[in-house]
Each structure stands twice: as structure tokens, then as C-alpha cells.
Amino acid sequence: MTFGVFMHKDGSIYDDIPEVHYQFPKAYLSRAEASLGDWIVYLEPTKEPNSKGYFAVAKVAEIIPDPEVGGRFRALIEPGSYLPFSPTVPRRVDGELVERNCPNPQWAVRPLSRSDFARIVALGLPDEEYLPRDGDPEPIDRFREEQIPFQIERPLVQSLVSKPFRERAFRRAVMQAYDGRCAVTGWRLVNGGGRLEAQAAHIRPVEHGGPDSVRNGLALSGTAHWMFDRGLIGFSDDLDIIIHRKVNDREGVASIVNATGKLVSPQLAAHRPHPAFITWHREFHGF
């Protein structure tokens, strides 16, 4: 087993859902199999406009022939292992490559050294002490070498499966994607301590197989979060906000919905809710 890099581009010819599975041709099979049972990082190609760079980490649970396309395979991601980086990690920091032991940067599937894996994950999932409060200046020297734990022996991998750590990382990624603004009300409230009032909500809950992915997340105020989790509000395929027929005070609920009547989406399209998760929520709650 070895760490690896899986290159992913939205809208490519491959049927990828990075949170669930990664599709690849037979030519990559041996390199993909090397990461079976181990962790990989996802990388968006640098040729893409505004490339995210390294944008998530996940664990490969199984590799199977693709059930729909001959000559292709799928790396199945272990449920609950996907975790987005926030901030995403560029290929270069201070002019130096982050992935320093790369056998071939053109390989879409390739091995990743232990030190490179540690470096990328540490940059993408920084310690909580380096996270600014709302309104604080960006922390300086975020990418300095002494802040990066190169030793895998540190509880880096263990952190990736730690529930408290994952909850903090998920919240950080969702809050940054939505700029702390509630997707239903449009409010961006900050308390006296500089903390955002909005909460990070899963669209498809983890206990029902939902990943800790920005595309499976929403920034919601406390009331909107409560209503969404109980199926009182949901979203259409076009992201219109829907009020469930079982709501007894429709006017009251409608009064807190933002004036557009639509989900207040993240600026980046890649961070907007995935249709599969939105559909799951509607079907589960009987919209």
C-alpha cells in the first residue's frame, strides 16, 4: 500500500464523483491498485483556469471494473473518508513544488511519497490555532516549513478519521465556500466574539452515507439548519427553496427565506451542492 495522487477535472470524459468513486482507464490500474486500502489526495490539472490544485484527501476502499463502461475501472472511496482541503493547496508554495518526489507529473494516477503526503495534508488541513476569526488578518507564514509536520508518525493519518477533527475541517471548508452566509436566509451574522452564526450542515447526513464534502454541505443559520434537518425545507434541482407541505406555518417560514427564493450559492461552481445529495434529501423527506 502507498499514498497516491488522483487527478480529477470537473466535466471530463470520466464519470467521477470524487466523494464516492474515481473512474480511470486500464492503463492506470497497477498504479491505482498500489493505493488500495490507503489514502490519496485529489489534484485538479494546472491547465484548468483558476485550478484548485490539491483539493481533498480520501481513502481507497476497493477497485472494481466499471459496471457501465468497458475497459475502465472505479476506485471506490471508503465511506466517511473524503475530506476537502481548506485552503486548497497549490502545486507550488514560495516557488517550490509541494510534491517534491513526483515520478512523473503527467501521470493522472501516481504514487505519493510519505513526506509529500504529510506536507500536502498539513497545508490543506491546518491546525485550528492557525485559523483566523472573522475579520482577523490572514495568519502570516502559513506555509513555512517549521509549521508542516513531515513525520507520518505524528497523528496525522489518525486525525483524518477523528470525528472532532473532521467536523472542524468540514465546518471550515463550508464556511469559507459560503463566506459564512446562510444559504436560505442570506444572513451573514457575526457574534461579539467574531464567530459566524451560521452552522455547517450536511445535506445527506454522515449517518446515512453522506460525505464530509463541500458539495454535500450548506451554511445555515440555526433555525434554517433545524428546519432543513427535519425536512421542513429543501431545494429543487434548480436550487429553488421548497417549503414542505407538512409545515404548519408556511408564512412564517417563507418570511426568513431570502428575497430570491433560491439557495444562496458559493461563488465557485465546484462548491455548489451536488444534485445527487439534493435529490437524496428531497426523496428522504418526501417532498
# chains A, B, ... in the order shown; residues from 1 in each chain; ligands from 1

$ residues_around --residues "range 12-22 of chain A" --least-positions-apart "5" --cutoff "9 Å" --atoms "only C-alpha atoms" --output "list in words"
Phe6, Tyr42, Ala56, Ala58, Val60, Phe73, Arg74, Ala75, Leu76, Ile77, Glu78, Pro79, Gly80, Ser81, Tyr82, Leu83, Gly210, Pro211, Asp212 and Ser213 of chain A

$ select_by_dssp --residues "range 183-245 of chain A" --states "strand (DSSP E or B)" --output "list in words"
Val190, Leu196, Gln199, Ala200, Ala201, His202, Gly217, Leu218, Ala219, Leu220, Ile233, Gly234, Phe235, Asp240, Ile241, Ile242 and Ile243 of chain A

$ atom_distance --atom1 "CA of Phe3 in chain A" --atom2 "CA of Glu33 in chain A"
10.7 Å

$ residues_around --residues "Ala198 in chain A" --least-positions-apart "3" --cutoff "9 Å" --atoms "only C-alpha atoms" --output "PyMOL selection string"
chain A and resi 175+180-182+187-190+195+219-222+225

$ atom_distance --atom1 "CA of Asp10 in chain A" --atom2 "CA of Asp240 in chain A"
23.3 Å

$ closest_residue --among "A:Asp237, A:Leu43, A:Gly193, A:Thr185" --to "Ala259 in chain A" --atoms "only C-alpha atoms"
A:Thr185

$ residues_around --residues "range 154-169 of chain A" --least-positions-apart "2" --cutoff "10 Å" --atoms "only C-alpha atoms" --output "PyMOL selection string"
chain A and resi 39+57-59+80-86+117-118+121-122+124-128+149-152+171-175+200+212-213
